[in-house]
Every structure is written in structure tokens, then in C-alpha cells.
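What follows is the content of run.cif (mmCIF, C-alpha atoms and all ligand atoms; chains and numbers go by the auth columns).
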```
data_entry
loop_
_atom_site.group_PDB
_atom_site.id
_atom_site.type_symbol
_atom_site.label_atom_id
_atom_site.label_comp_id
_atom_site.label_asym_id
_atom_site.label_seq_id
_atom_site.Cartn_x
_atom_site.Cartn_y
_atom_site.Cartn_z
_atom_site.B_iso_or_equiv
_atom_site.auth_seq_id
_atom_site.auth_asym_id
ATOM 1 C CA MET A 1 0.000 0.000 0.000 0.00 1 A
ATOM 2 C CA ARG A 2 1.550 3.271 -1.119 0.00 2 A
ATOM 3 C CA LEU A 3 0.843 6.509 0.747 0.00 3 A
ATOM 4 C CA ARG A 4 1.188 10.156 -0.148 0.00 4 A
ATOM 5 C CA ALA A 5 0.854 12.671 2.672 0.00 5 A
ATOM 6 C CA GLY A 6 0.865 16.374 3.415 0.00 6 A
ATOM 7 C CA GLY A 7 0.648 18.524 6.533 0.00 7 A
ATOM 8 C CA ARG A 8 0.337 22.125 7.611 0.00 8 A
ATOM 9 C CA SER A 9 0.017 24.006 10.880 0.00 9 A
ATOM 10 C CA ASP A 10 -0.922 27.663 11.202 0.00 10 A
ATOM 11 C CA ARG A 11 -1.248 30.121 14.098 0.00 11 A
ATOM 12 C CA GLY A 12 -4.617 31.357 12.833 0.00 12 A
ATOM 13 C CA GLN A 13 -5.828 34.972 13.129 0.00 13 A
ATOM 14 C CA LYS A 14 -6.400 35.463 16.857 0.00 14 A
ATOM 15 C CA ARG A 15 -3.898 33.521 18.935 0.00 15 A
ATOM 16 C CA PRO A 16 -0.467 34.997 19.783 0.00 16 A
ATOM 17 C CA GLN A 17 1.331 31.678 19.225 0.00 17 A
ATOM 18 C CA ASN A 18 0.843 28.255 17.714 0.00 18 A
ATOM 19 C CA GLU A 19 0.457 25.577 20.406 0.00 19 A
ATOM 20 C CA ASP A 20 -0.389 22.824 17.902 0.00 20 A
ATOM 21 C CA ALA A 21 2.288 20.374 16.768 0.00 21 A
ATOM 22 C CA TYR A 22 2.306 17.591 14.203 0.00 22 A
ATOM 23 C CA ALA A 23 4.378 14.881 12.547 0.00 23 A
ATOM 24 C CA CYS A 24 3.846 13.768 8.958 0.00 24 A
ATOM 25 C CA ARG A 25 6.224 10.840 8.396 0.00 25 A
ATOM 26 C CA PRO A 26 5.172 8.720 5.411 0.00 26 A
ATOM 27 C CA GLU A 27 8.428 6.714 5.598 0.00 27 A
ATOM 28 C CA LEU A 28 7.329 5.481 9.053 0.00 28 A
ATOM 29 C CA ARG A 29 3.669 5.484 7.962 0.00 29 A
ATOM 30 C CA LEU A 30 3.066 7.549 11.106 0.00 30 A
ATOM 31 C CA PHE A 31 0.955 10.694 11.386 0.00 31 A
ATOM 32 C CA VAL A 32 0.345 12.653 14.601 0.00 32 A
ATOM 33 C CA VAL A 33 -1.559 15.858 15.386 0.00 33 A
ATOM 34 C CA CYS A 34 -1.552 17.486 18.856 0.00 34 A
ATOM 35 C CA ASP A 35 -3.282 20.579 20.259 0.00 35 A
ATOM 36 C CA GLY A 36 -1.444 21.882 23.306 0.00 36 A
ATOM 37 C CA MET A 37 -2.893 23.925 26.159 0.00 37 A
ATOM 38 C CA GLY A 38 -1.576 25.682 29.255 0.00 38 A
ATOM 39 C CA GLY A 39 -0.362 29.135 30.258 0.00 39 A
ATOM 40 C CA GLU A 40 2.462 31.004 28.510 0.00 40 A
ATOM 41 C CA ALA A 41 4.393 28.622 26.259 0.00 41 A
ATOM 42 C CA ALA A 42 3.384 25.472 28.164 0.00 42 A
ATOM 43 C CA GLY A 43 0.966 24.258 25.490 0.00 43 A
ATOM 44 C CA GLU A 44 3.732 24.268 22.899 0.00 44 A
ATOM 45 C CA VAL A 45 5.956 22.232 25.211 0.00 45 A
ATOM 46 C CA ALA A 46 3.216 19.639 25.815 0.00 46 A
ATOM 47 C CA SER A 47 2.210 19.170 22.165 0.00 47 A
ATOM 48 C CA ARG A 48 5.837 18.948 20.962 0.00 48 A
ATOM 49 C CA LEU A 49 6.735 16.481 23.736 0.00 49 A
ATOM 50 C CA ALA A 50 3.770 14.275 22.803 0.00 50 A
ATOM 51 C CA VAL A 51 4.698 14.230 19.094 0.00 51 A
ATOM 52 C CA ASP A 52 8.384 13.540 19.802 0.00 52 A
ATOM 53 C CA THR A 53 7.697 10.773 22.342 0.00 53 A
ATOM 54 C CA ILE A 54 5.292 8.974 19.992 0.00 54 A
ATOM 55 C CA LEU A 55 7.768 9.251 17.093 0.00 55 A
ATOM 56 C CA THR A 56 10.591 7.802 19.186 0.00 56 A
ATOM 57 C CA GLN A 57 8.429 4.951 20.458 0.00 57 A
ATOM 58 C CA VAL A 58 7.129 4.022 17.015 0.00 58 A
ATOM 59 C CA LYS A 59 10.630 4.060 15.504 0.00 59 A
ATOM 60 C CA GLY A 60 11.746 1.709 18.297 0.00 60 A
ATOM 61 C CA ALA A 61 8.798 -0.627 17.705 0.00 61 A
ATOM 62 C CA GLN A 62 9.243 -0.990 13.917 0.00 62 A
ATOM 63 C CA ARG A 63 11.735 -3.848 14.035 0.00 63 A
ATOM 64 C CA GLU A 64 9.994 -5.645 16.871 0.00 64 A
ATOM 65 C CA LEU A 65 6.732 -5.595 14.909 0.00 65 A
ATOM 66 C CA GLU A 66 8.291 -7.495 12.013 0.00 66 A
ATOM 67 C CA LYS A 67 8.582 -10.519 14.326 0.00 67 A
ATOM 68 C CA ALA A 68 5.396 -10.045 16.355 0.00 68 A
ATOM 69 C CA PRO A 69 2.127 -11.851 15.597 0.00 69 A
ATOM 70 C CA PRO A 70 -0.333 -9.487 13.869 0.00 70 A
ATOM 71 C CA ARG A 71 -2.904 -9.657 16.677 0.00 71 A
ATOM 72 C CA SER A 72 -2.445 -9.419 20.410 0.00 72 A
ATOM 73 C CA THR A 73 -4.543 -11.578 22.698 0.00 73 A
ATOM 74 C CA ASP A 74 -7.209 -8.888 23.253 0.00 74 A
ATOM 75 C CA GLY A 75 -8.150 -8.776 19.561 0.00 75 A
ATOM 76 C CA PHE A 76 -6.348 -5.567 18.644 0.00 76 A
ATOM 77 C CA MET A 77 -3.396 -5.745 16.291 0.00 77 A
ATOM 78 C CA VAL A 78 -0.005 -5.533 17.966 0.00 78 A
ATOM 79 C CA ARG A 79 0.618 -2.350 15.971 0.00 79 A
ATOM 80 C CA SER A 80 -2.453 -0.699 17.521 0.00 80 A
ATOM 81 C CA ARG A 81 -1.433 -1.727 21.020 0.00 81 A
ATOM 82 C CA ARG A 82 2.058 -0.350 20.449 0.00 82 A
ATOM 83 C CA LEU A 83 0.643 2.952 19.269 0.00 83 A
ATOM 84 C CA GLY A 84 -1.649 3.099 22.318 0.00 84 A
ATOM 85 C CA ALA A 85 1.342 2.386 24.581 0.00 85 A
ATOM 86 C CA ALA A 86 3.330 5.158 22.847 0.00 86 A
ATOM 87 C CA VAL A 87 0.506 7.614 23.584 0.00 87 A
ATOM 88 C CA GLU A 88 0.392 6.464 27.239 0.00 88 A
ATOM 89 C CA LEU A 89 4.146 7.016 27.527 0.00 89 A
ATOM 90 C CA SER A 90 3.804 10.499 26.068 0.00 90 A
ATOM 91 C CA ASN A 91 1.179 11.203 28.748 0.00 91 A
ATOM 92 C CA GLN A 92 3.619 10.171 31.456 0.00 92 A
ATOM 93 C CA ALA A 93 6.427 12.268 29.946 0.00 93 A
ATOM 94 C CA ILE A 94 4.248 15.409 29.928 0.00 94 A
ATOM 95 C CA TYR A 95 2.857 14.735 33.400 0.00 95 A
ATOM 96 C CA ARG A 96 6.338 14.243 34.895 0.00 96 A
ATOM 97 C CA LYS A 97 7.676 17.394 33.240 0.00 97 A
ATOM 98 C CA SER A 98 4.744 19.477 34.482 0.00 98 A
ATOM 99 C CA GLN A 99 5.199 18.159 38.030 0.00 99 A
ATOM 100 C CA LYS A 100 8.862 19.157 38.056 0.00 100 A
ATOM 101 C CA ASN A 101 8.456 22.608 36.558 0.00 101 A
ATOM 102 C CA PRO A 102 5.965 25.070 38.134 0.00 102 A
ATOM 103 C CA GLN A 103 5.857 27.156 34.953 0.00 103 A
ATOM 104 C CA LEU A 104 4.582 24.121 33.084 0.00 104 A
ATOM 105 C CA ALA A 105 2.062 23.026 35.738 0.00 105 A
ATOM 106 C CA ARG A 106 -1.309 22.018 34.237 0.00 106 A
ATOM 107 C CA MET A 107 0.044 21.860 30.700 0.00 107 A
ATOM 108 C CA GLY A 108 -1.704 19.342 28.507 0.00 108 A
ATOM 109 C CA THR A 109 -2.405 18.347 24.942 0.00 109 A
ATOM 110 C CA THR A 110 -4.828 16.417 22.798 0.00 110 A
ATOM 111 C CA VAL A 111 -3.515 13.789 20.405 0.00 111 A
ATOM 112 C CA VAL A 112 -4.785 12.006 17.338 0.00 112 A
ATOM 113 C CA SER A 113 -2.413 9.585 15.659 0.00 113 A
ATOM 114 C CA ALA A 114 -2.526 7.081 12.813 0.00 114 A
ATOM 115 C CA TRP A 115 0.003 4.341 12.143 0.00 115 A
ATOM 116 C CA VAL A 116 -0.644 2.565 8.865 0.00 116 A
ATOM 117 C CA GLY A 117 0.178 -1.131 8.391 0.00 117 A
ATOM 118 C CA ASP A 118 -0.223 -3.295 5.282 0.00 118 A
ATOM 119 C CA SER A 119 -3.885 -2.505 4.778 0.00 119 A
ATOM 120 C CA VAL A 120 -5.124 -1.224 8.136 0.00 120 A
ATOM 121 C CA ALA A 121 -4.621 2.089 9.937 0.00 121 A
ATOM 122 C CA SER A 122 -4.336 1.986 13.721 0.00 122 A
ATOM 123 C CA VAL A 123 -5.793 5.183 15.161 0.00 123 A
ATOM 124 C CA ALA A 124 -5.229 6.315 18.769 0.00 124 A
ATOM 125 C CA HIS A 125 -6.652 9.482 20.265 0.00 125 A
ATOM 126 C CA VAL A 126 -7.282 11.494 23.419 0.00 126 A
ATOM 127 C CA GLY A 127 -9.218 14.784 23.441 0.00 127 A
ATOM 128 C CA ASP A 128 -11.032 16.576 20.618 0.00 128 A
ATOM 129 C CA SER A 129 -8.532 16.438 17.768 0.00 129 A
ATOM 130 C CA ARG A 130 -10.126 14.251 15.131 0.00 130 A
ATOM 131 C CA ALA A 131 -9.494 11.616 12.494 0.00 131 A
ATOM 132 C CA TYR A 132 -11.729 11.267 9.447 0.00 132 A
ATOM 133 C CA LEU A 133 -11.819 8.684 6.665 0.00 133 A
ATOM 134 C CA TRP A 134 -12.787 9.762 3.175 0.00 134 A
ATOM 135 C CA ARG A 135 -14.017 6.860 1.056 0.00 135 A
ATOM 136 C CA ALA A 136 -15.874 8.140 -1.973 0.00 136 A
ATOM 137 C CA PRO A 137 -18.481 9.449 -1.707 0.00 137 A
ATOM 138 C CA HIS A 138 -18.573 9.706 2.114 0.00 138 A
ATOM 139 C CA LEU A 139 -16.584 11.305 4.916 0.00 139 A
ATOM 140 C CA GLU A 140 -16.734 9.396 8.194 0.00 140 A
ATOM 141 C CA GLN A 141 -15.529 10.679 11.553 0.00 141 A
ATOM 142 C CA LEU A 142 -13.405 7.912 13.092 0.00 142 A
ATOM 143 C CA THR A 143 -12.895 9.431 16.534 0.00 143 A
ATOM 144 C CA ARG A 144 -15.301 10.585 19.199 0.00 144 A
ATOM 145 C CA ASP A 145 -14.375 13.823 20.991 0.00 145 A
ATOM 146 C CA HIS A 146 -13.623 13.492 24.697 0.00 146 A
ATOM 147 C CA SER A 147 -15.456 16.737 25.386 0.00 147 A
ATOM 148 C CA LEU A 148 -18.371 17.951 27.469 0.00 148 A
ATOM 149 C CA VAL A 149 -20.195 19.090 24.330 0.00 149 A
ATOM 150 C CA GLU A 150 -19.919 15.632 22.729 0.00 150 A
ATOM 151 C CA GLU A 151 -21.232 13.993 25.923 0.00 151 A
ATOM 152 C CA GLN A 152 -24.193 16.398 25.954 0.00 152 A
ATOM 153 C CA VAL A 153 -24.979 15.552 22.323 0.00 153 A
ATOM 154 C CA ARG A 154 -24.769 11.822 23.084 0.00 154 A
ATOM 155 C CA ALA A 155 -27.000 12.219 26.145 0.00 155 A
ATOM 156 C CA GLY A 156 -29.641 14.007 24.019 0.00 156 A
ATOM 157 C CA LEU A 157 -29.211 17.297 25.920 0.00 157 A
ATOM 158 C CA LEU A 158 -27.885 19.185 22.894 0.00 158 A
ATOM 159 C CA ALA A 159 -28.613 18.906 19.173 0.00 159 A
ATOM 160 C CA ARG A 160 -25.576 18.134 16.995 0.00 160 A
ATOM 161 C CA SER A 161 -26.527 21.124 14.814 0.00 161 A
ATOM 162 C CA GLU A 162 -26.325 23.451 17.841 0.00 162 A
ATOM 163 C CA SER A 163 -23.099 22.027 19.208 0.00 163 A
ATOM 164 C CA HIS A 164 -20.941 24.490 17.223 0.00 164 A
ATOM 165 C CA GLN A 165 -22.458 27.400 19.155 0.00 165 A
ATOM 166 C CA ALA A 166 -22.533 25.655 22.534 0.00 166 A
ATOM 167 C CA LYS A 167 -20.895 27.134 25.604 0.00 167 A
ATOM 168 C CA ASP A 168 -18.045 25.204 27.230 0.00 168 A
ATOM 169 C CA GLN A 169 -16.590 24.284 23.823 0.00 169 A
ATOM 170 C CA ASN A 170 -13.208 24.197 25.493 0.00 170 A
ATOM 171 C CA ALA A 171 -14.130 21.742 28.243 0.00 171 A
ATOM 172 C CA LEU A 172 -12.287 18.489 27.540 0.00 172 A
ATOM 173 C CA LEU A 173 -12.912 15.372 29.579 0.00 173 A
ATOM 174 C CA ARG A 174 -9.616 13.733 28.693 0.00 174 A
ATOM 175 C CA VAL A 175 -6.235 15.193 27.706 0.00 175 A
ATOM 176 C CA LEU A 176 -2.614 14.086 27.896 0.00 176 A
ATOM 177 C CA GLY A 177 -0.464 15.315 30.765 0.00 177 A
ATOM 178 C CA ARG A 178 -3.005 16.186 33.462 0.00 178 A
ATOM 179 C CA GLU A 179 -3.033 12.847 35.290 0.00 179 A
ATOM 180 C CA ALA A 180 -0.444 10.115 35.793 0.00 180 A
ATOM 181 C CA GLU A 181 -2.560 7.697 33.744 0.00 181 A
ATOM 182 C CA VAL A 182 -4.801 8.244 30.745 0.00 182 A
ATOM 183 C CA GLU A 183 -7.267 6.091 28.857 0.00 183 A
ATOM 184 C CA VAL A 184 -6.454 6.028 25.131 0.00 184 A
ATOM 185 C CA ASP A 185 -9.146 5.222 22.549 0.00 185 A
ATOM 186 C CA LEU A 186 -7.990 2.815 19.830 0.00 186 A
ATOM 187 C CA THR A 187 -9.644 1.987 16.565 0.00 187 A
ATOM 188 C CA GLU A 188 -8.594 0.012 13.480 0.00 188 A
ATOM 189 C CA VAL A 189 -9.604 1.082 9.992 0.00 189 A
ATOM 190 C CA PRO A 190 -9.188 -1.116 6.892 0.00 190 A
ATOM 191 C CA LEU A 191 -7.876 1.010 4.025 0.00 191 A
ATOM 192 C CA ARG A 192 -8.068 0.636 0.262 0.00 192 A
ATOM 193 C CA PRO A 193 -6.724 2.593 -2.702 0.00 193 A
ATOM 194 C CA GLY A 194 -8.568 5.875 -3.185 0.00 194 A
ATOM 195 C CA ASP A 195 -9.139 6.365 0.564 0.00 195 A
ATOM 196 C CA CYS A 196 -7.906 9.465 2.345 0.00 196 A
ATOM 197 C CA LEU A 197 -7.255 9.921 6.081 0.00 197 A
ATOM 198 C CA LEU A 198 -7.542 13.389 7.573 0.00 198 A
ATOM 199 C CA LEU A 199 -6.236 14.313 11.038 0.00 199 A
ATOM 200 C CA CYS A 200 -6.880 17.785 12.427 0.00 200 A
ATOM 201 C CA THR A 201 -7.271 20.025 15.451 0.00 201 A
ATOM 202 C CA ASP A 202 -10.485 21.778 16.506 0.00 202 A
ATOM 203 C CA GLY A 203 -9.144 25.019 14.981 0.00 203 A
ATOM 204 C CA LEU A 204 -10.363 23.505 11.706 0.00 204 A
ATOM 205 C CA THR A 205 -13.474 21.580 12.747 0.00 205 A
ATOM 206 C CA ARG A 206 -15.055 24.484 14.662 0.00 206 A
ATOM 207 C CA VAL A 207 -15.067 26.711 11.598 0.00 207 A
ATOM 208 C CA ALA A 208 -15.450 24.218 8.730 0.00 208 A
ATOM 209 C CA LYS A 209 -18.362 21.873 8.082 0.00 209 A
ATOM 210 C CA ASP A 210 -17.837 18.181 7.360 0.00 210 A
ATOM 211 C CA GLU A 211 -19.146 18.821 3.813 0.00 211 A
ATOM 212 C CA GLU A 212 -16.376 21.373 3.278 0.00 212 A
ATOM 213 C CA LEU A 213 -13.741 18.857 4.378 0.00 213 A
ATOM 214 C CA ALA A 214 -15.254 16.267 2.028 0.00 214 A
ATOM 215 C CA ASP A 215 -15.398 18.749 -0.867 0.00 215 A
ATOM 216 C CA ALA A 216 -11.729 19.660 -0.433 0.00 216 A
ATOM 217 C CA ILE A 217 -10.652 16.007 -0.514 0.00 217 A
ATOM 218 C CA ARG A 218 -12.885 15.099 -3.455 0.00 218 A
ATOM 219 C CA THR A 219 -11.921 18.032 -5.655 0.00 219 A
ATOM 220 C CA LEU A 220 -8.229 18.551 -4.789 0.00 220 A
ATOM 221 C CA ARG A 221 -7.022 14.922 -4.279 0.00 221 A
ATOM 222 C CA GLU A 222 -3.409 15.982 -3.608 0.00 222 A
ATOM 223 C CA PRO A 223 -2.714 15.806 0.196 0.00 223 A
ATOM 224 C CA GLN A 224 -0.628 18.980 0.512 0.00 224 A
ATOM 225 C CA LYS A 225 -3.118 20.987 -1.547 0.00 225 A
ATOM 226 C CA ILE A 226 -5.966 19.732 0.666 0.00 226 A
ATOM 227 C CA CYS A 227 -4.102 20.840 3.824 0.00 227 A
ATOM 228 C CA ASP A 228 -3.249 24.257 2.370 0.00 228 A
ATOM 229 C CA HIS A 229 -6.828 24.793 1.234 0.00 229 A
ATOM 230 C CA LEU A 230 -8.351 23.822 4.603 0.00 230 A
ATOM 231 C CA VAL A 231 -5.965 26.068 6.567 0.00 231 A
ATOM 232 C CA GLU A 232 -6.888 28.961 4.275 0.00 232 A
ATOM 233 C CA LEU A 233 -10.585 28.140 4.685 0.00 233 A
ATOM 234 C CA ALA A 234 -10.287 28.204 8.512 0.00 234 A
ATOM 235 C CA ASN A 235 -8.462 31.539 8.324 0.00 235 A
ATOM 236 C CA ARG A 236 -11.091 32.990 6.002 0.00 236 A
ATOM 237 C CA ASN A 237 -13.711 31.933 8.567 0.00 237 A
ATOM 238 C CA GLY A 238 -11.999 33.999 11.253 0.00 238 A
ATOM 239 C CA GLY A 239 -9.134 31.679 12.277 0.00 239 A
ATOM 240 C CA PRO A 240 -10.071 31.925 15.977 0.00 240 A
ATOM 241 C CA ASP A 241 -7.672 29.150 16.991 0.00 241 A
ATOM 242 C CA ASN A 242 -4.491 27.419 15.826 0.00 242 A
ATOM 243 C CA ILE A 243 -5.162 25.168 12.825 0.00 243 A
ATOM 244 C CA THR A 244 -3.411 21.900 11.982 0.00 244 A
ATOM 245 C CA VAL A 245 -4.252 19.421 9.231 0.00 245 A
ATOM 246 C CA VAL A 246 -2.538 16.235 8.031 0.00 246 A
ATOM 247 C CA THR A 247 -3.888 14.260 5.069 0.00 247 A
ATOM 248 C CA VAL A 248 -2.827 10.813 3.876 0.00 248 A
ATOM 249 C CA ALA A 249 -3.918 9.480 0.493 0.00 249 A
ATOM 250 C CA VAL A 250 -3.840 5.721 -0.170 0.00 250 A
ATOM 251 C CA LEU A 251 -2.586 5.172 -3.727 0.00 251 A
ATOM 252 C CA GLN A 252 -2.948 2.342 -6.194 0.00 252 A
ATOM 253 C CA LYS A 253 -0.028 -0.070 -6.127 0.00 253 A
ATOM 254 C CA SER A 254 2.632 0.719 -8.707 0.00 254 A
ATOM 255 C CA LEU A 255 2.870 -1.462 -11.828 0.00 255 A
ATOM 256 C CA TRP A 256 6.192 -2.773 -10.510 0.00 256 A
ATOM 257 C CA GLN A 257 4.639 -3.778 -7.156 0.00 257 A
ATOM 258 C CA ARG A 258 1.801 -5.580 -8.901 0.00 258 A
ATOM 259 C CA PHE A 259 4.220 -7.379 -11.231 0.00 259 A
ATOM 260 C CA TRP A 260 6.418 -8.393 -8.291 0.00 260 A
ATOM 261 C CA GLU A 261 3.485 -9.813 -6.335 0.00 261 A
ATOM 262 C CA ARG A 262 2.438 -11.865 -9.345 0.00 262 A
ATOM 263 C CA VAL A 263 5.842 -13.422 -9.909 0.00 263 A
ATOM 264 C CA THR A 264 6.648 -14.165 -6.257 0.00 264 A
ATOM 265 C CA PRO A 265 4.755 -16.925 -4.467 0.00 265 A
HETATM 266 CA CA CA B . -7.290 24.180 19.577 0.00 301 B
#
```

Once you've parsed the file, please lay out its structure as C-alpha cells.
Ligand code: CA
Amino acid sequence: MRLRAGGRSDRGQKRPQNEDAYACRPELRLFVVCDGMGGEAAGEVASRLAVDTILTQVKGAQRELEKAPPRSTDGFMVRSRRLGAAVELSNQAIYRKSQKNPQLARMGTTVVSAWVGDSVASVAHVGDSRAYLWRAPHLEQLTRDHSLVEEQVRAGLLARSESHQAKDQNALLRVLGREAEVEVDLTEVPLRPGDCLLLCTDGLTRVAKDEELADAIRTLREPQKICDHLVELANRNGGPDNITVVTVAVLQKSLWQRFWERVTP
């Protein structure tokens, strides 16, 4: 499975600094988006530490995975479990750093990450940064926000259509770095050629409708162009927050790959 990916992060129009961070590493098949929070520059420290810790952990796990059975005993693939463990470790790293340094106390970050295997993406997330899957002609949200607003919608107390204007938009029920332990949501998504994964922070999803995300993917196709377009769209709509987007397109196998598979048993 061949991938082509693009990424972009932007301060937006209103915030003094960019506390989002991301990694777009097609050679590792790893994609991470984080939305940091905390006073002064603490949010930047938390989101960068999360991205770096996950990258280091995944690099270390690559070789081990070649030997590991594809599924662990609980039904998840070993790859997914390793990604979940990497996110848990990043939580501990942020928590420890915030405990040691009073200026960084209460720093935290969301995370959404995708690690793509042969034909399945493992997705791990905490907070309200999201992953979407585009499979023509539909866009599906793969993650469920760990936010008060999402819980109110699920409980029937708030209509989904009103949730964009709801108060307490910022109230998250789970983030990295605030507690010694965190529960990480894992999901596994079978991929096929033509699919496109989109990871993003709420700086995009609060000012762009799902239909606009779908339109950008369908009409532009090229991952970097999609990211550039969506960042510009968020900025045109006021850019109230930092904006980060990563897109990953699943390509047809090359002629050479197909030939090789046919001639090797
Ligand atoms: Ca944000």
C-alpha cells in the first residue's frame, strides 16, 4: 500500500502563538496531530513532547513488529497496542515534566495519531482532535471527541446542529499530561486505494463543516493541496484558533509492485 501525505500548521488569526504540533512521516507510515494547552508557552511544550515521544516509540517498535504476531490476545493488532502504549508514555512524559516545573504546571495536549500497516490504519486518540476517513463518496468521523459538548450531544441534551455554538466548547474530559494515567481510545480502519485519512485540530473543525472537508478532498485529491486549502478556509472563517491538518492518500499499487506480487509466491 503506497501513501502520499501532506501537513500544515498555522497560528490562525487570533492567537499569539501556535500551540499545535504535528508529525507527517510517510516513511514510518506515522501521522500525529496534537493541540497543546496551558499558560504562557506550556501548550507548545506539551504538544511537541507528545509528538516527539510517539515518534521515538514508534521508531523503536518498527523492528519488533516485524517478528510479532499481527494480533495481540485482546483482539487488537499488535501495531495498535504499540501505538496506544506510545501515547500512554507520552502522557507520562508530559505529566512528569509538568510536576517538576511550576511554569509548566497544568500543561496538557490532545492527540490524534494514525500508524498505517499493510492494509489497516491503527488510530489512537485522546481529546477533541479528530481523524476522518474519506471513502468516496462519504466522509466518516473515526474518533469521538472526549469533550463535554460531545457527551451532551450523546445524552440528548444538545442537538448536533447546535453544538458548534454551545458554551463550554473548550471543556475536555480527557487530555494528555493532566493525570499520571490516561485512557487512550484505539480503533482500526481497513484502508483501500482511493481512501484518504484526515487528522486535524479543533481550529479547523469548529469553523469548517464536514461537507467542506469532504469537498476539499474530493476536488483537490493531492494531500498537501488539501491541507493548504483547509488552513486557508479556517483563516477565512476567522481563524479563531491554531489550525493543523494532516492528510494521507492511499494510492494504487505501482505497476512494478503488482508485477512483483504476481511473480513471487
Ligand atoms: Ca485548539

What separates CA of Gly7 (chain A) and CA of Arg25 (chain A) is a distance of 9.7 Å

*Could I get the residue neighbourhood of ligand CA 301 (chain B) at 12 Å, counting only C-alpha atoms and all ligand atoms, as JSON, numbers by chain?*
{"A": [9, 10, 11, 12, 14, 15, 17, 18, 19, 20, 21, 33, 34, 35, 36, 37, 38, 43, 44, 47, 108, 109, 110, 111, 127, 128, 129, 130, 169, 170, 171, 172, 200, 201, 202, 203, 204, 205, 206, 207, 239, 240, 241, 242, 243, 244, 245]}

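Here CA of Val153 (chain A) stands at a distance of 12.5 Å from CA of Gln165 (chain A).
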
Would you list the contacts of region 66-76 of chain A as a PyMOL selection string, taking every protein, DNA or RNA residue within 9 Å and counting only C-alpha atoms, but skipping same-chain residues closer than 5 positions in sequence?
chain A and resi 61+81+186-188

Between CA of His146 (chain A) and CA of Leu233 (chain A) lies a distance of 25.0 Å

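The list of residues with at least one atom within 12 Å of Ser254 (chain A), based on only C-alpha atoms and without residues fewer than 4 positions apart in the same chain, reads Met1, Arg2, Leu3, Pro193, Val250, Arg258, Phe259, Trp260 and Glu261 of chain A.
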
Selection: 10 Å around Ser98 (chain A), all atoms listed in the file, excl. self and same-chain fewer than 3 positions, as JSON, numbers by chain: {"A": [42, 45, 46, 92, 93, 94, 95, 101, 102, 103, 104, 105, 106, 107, 108, 177, 178]}

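Nearest-residue note for Ile226 (chain A): choosing from A:Ala85, A:Val126, A:Gly238, A:Ala249, the minimum distance belongs to A:Ala249, counting only C-alpha atoms.
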
#### Entry: Among the residues A:Leu83, A:Ala124, A:Glu27, A:Leu139, the one that comes closest to Glu211 (chain A) [using only C-alpha atoms]
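Selected residue with least distance to Glu211 (chain A): A:Leu139.
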
Item to check | Selection as a PyMOL selection string: residues within 12 Å of (10.3, 1.1, 18.0), counting only C-alpha atoms | outcome: chain A and resi 28+30+53-66+79+82-83+85-86

Contact residues around Arg4 (chain A) with all atoms listed in the file at 9 Å, ignoring same-chain residues under 3 positions, as a list in words:
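Contacts, in chain order: Pro26, Glu222, Pro223, Thr247, Val248, Ala249, Val250 and Leu251 of chain A.
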
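With distances restricted to only C-alpha atoms, A:Gly194 is the closest residue to Trp134 (chain A) from A:Gly39, A:Pro16, A:Gly194, A:Gly117.
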
With distances taken over only C-alpha atoms, the candidate from A:Ala155, A:Leu133, A:Leu173, A:Ala216 nearest Asp195 (chain A) is A:Leu133

- Query: Nearest to Leu191 (chain A): which of A:Ala41, A:Ala136, A:Val116, A:Cys24 is it, counting only C-alpha atoms?
  - Reply: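 When distances to Leu191 (chain A) are compared using only C-alpha atoms, the smallest one comes from A:Val116.
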
Among A:Met77, A:Ala159, A:Ala208, A:Ala5, Val231 (chain A) is approached most closely, using all atoms listed in the file, by A:Ala208

Listed atoms of region 33-39 of chain A boxed axis-aligned with 3 Å per side, centre + edges as AutoDock Vina command-line options:
```
--center_x -1.8 --center_y 22.5 --center_z 22.8 --size_x 8.9 --size_y 19.3 --size_z 20.9
```
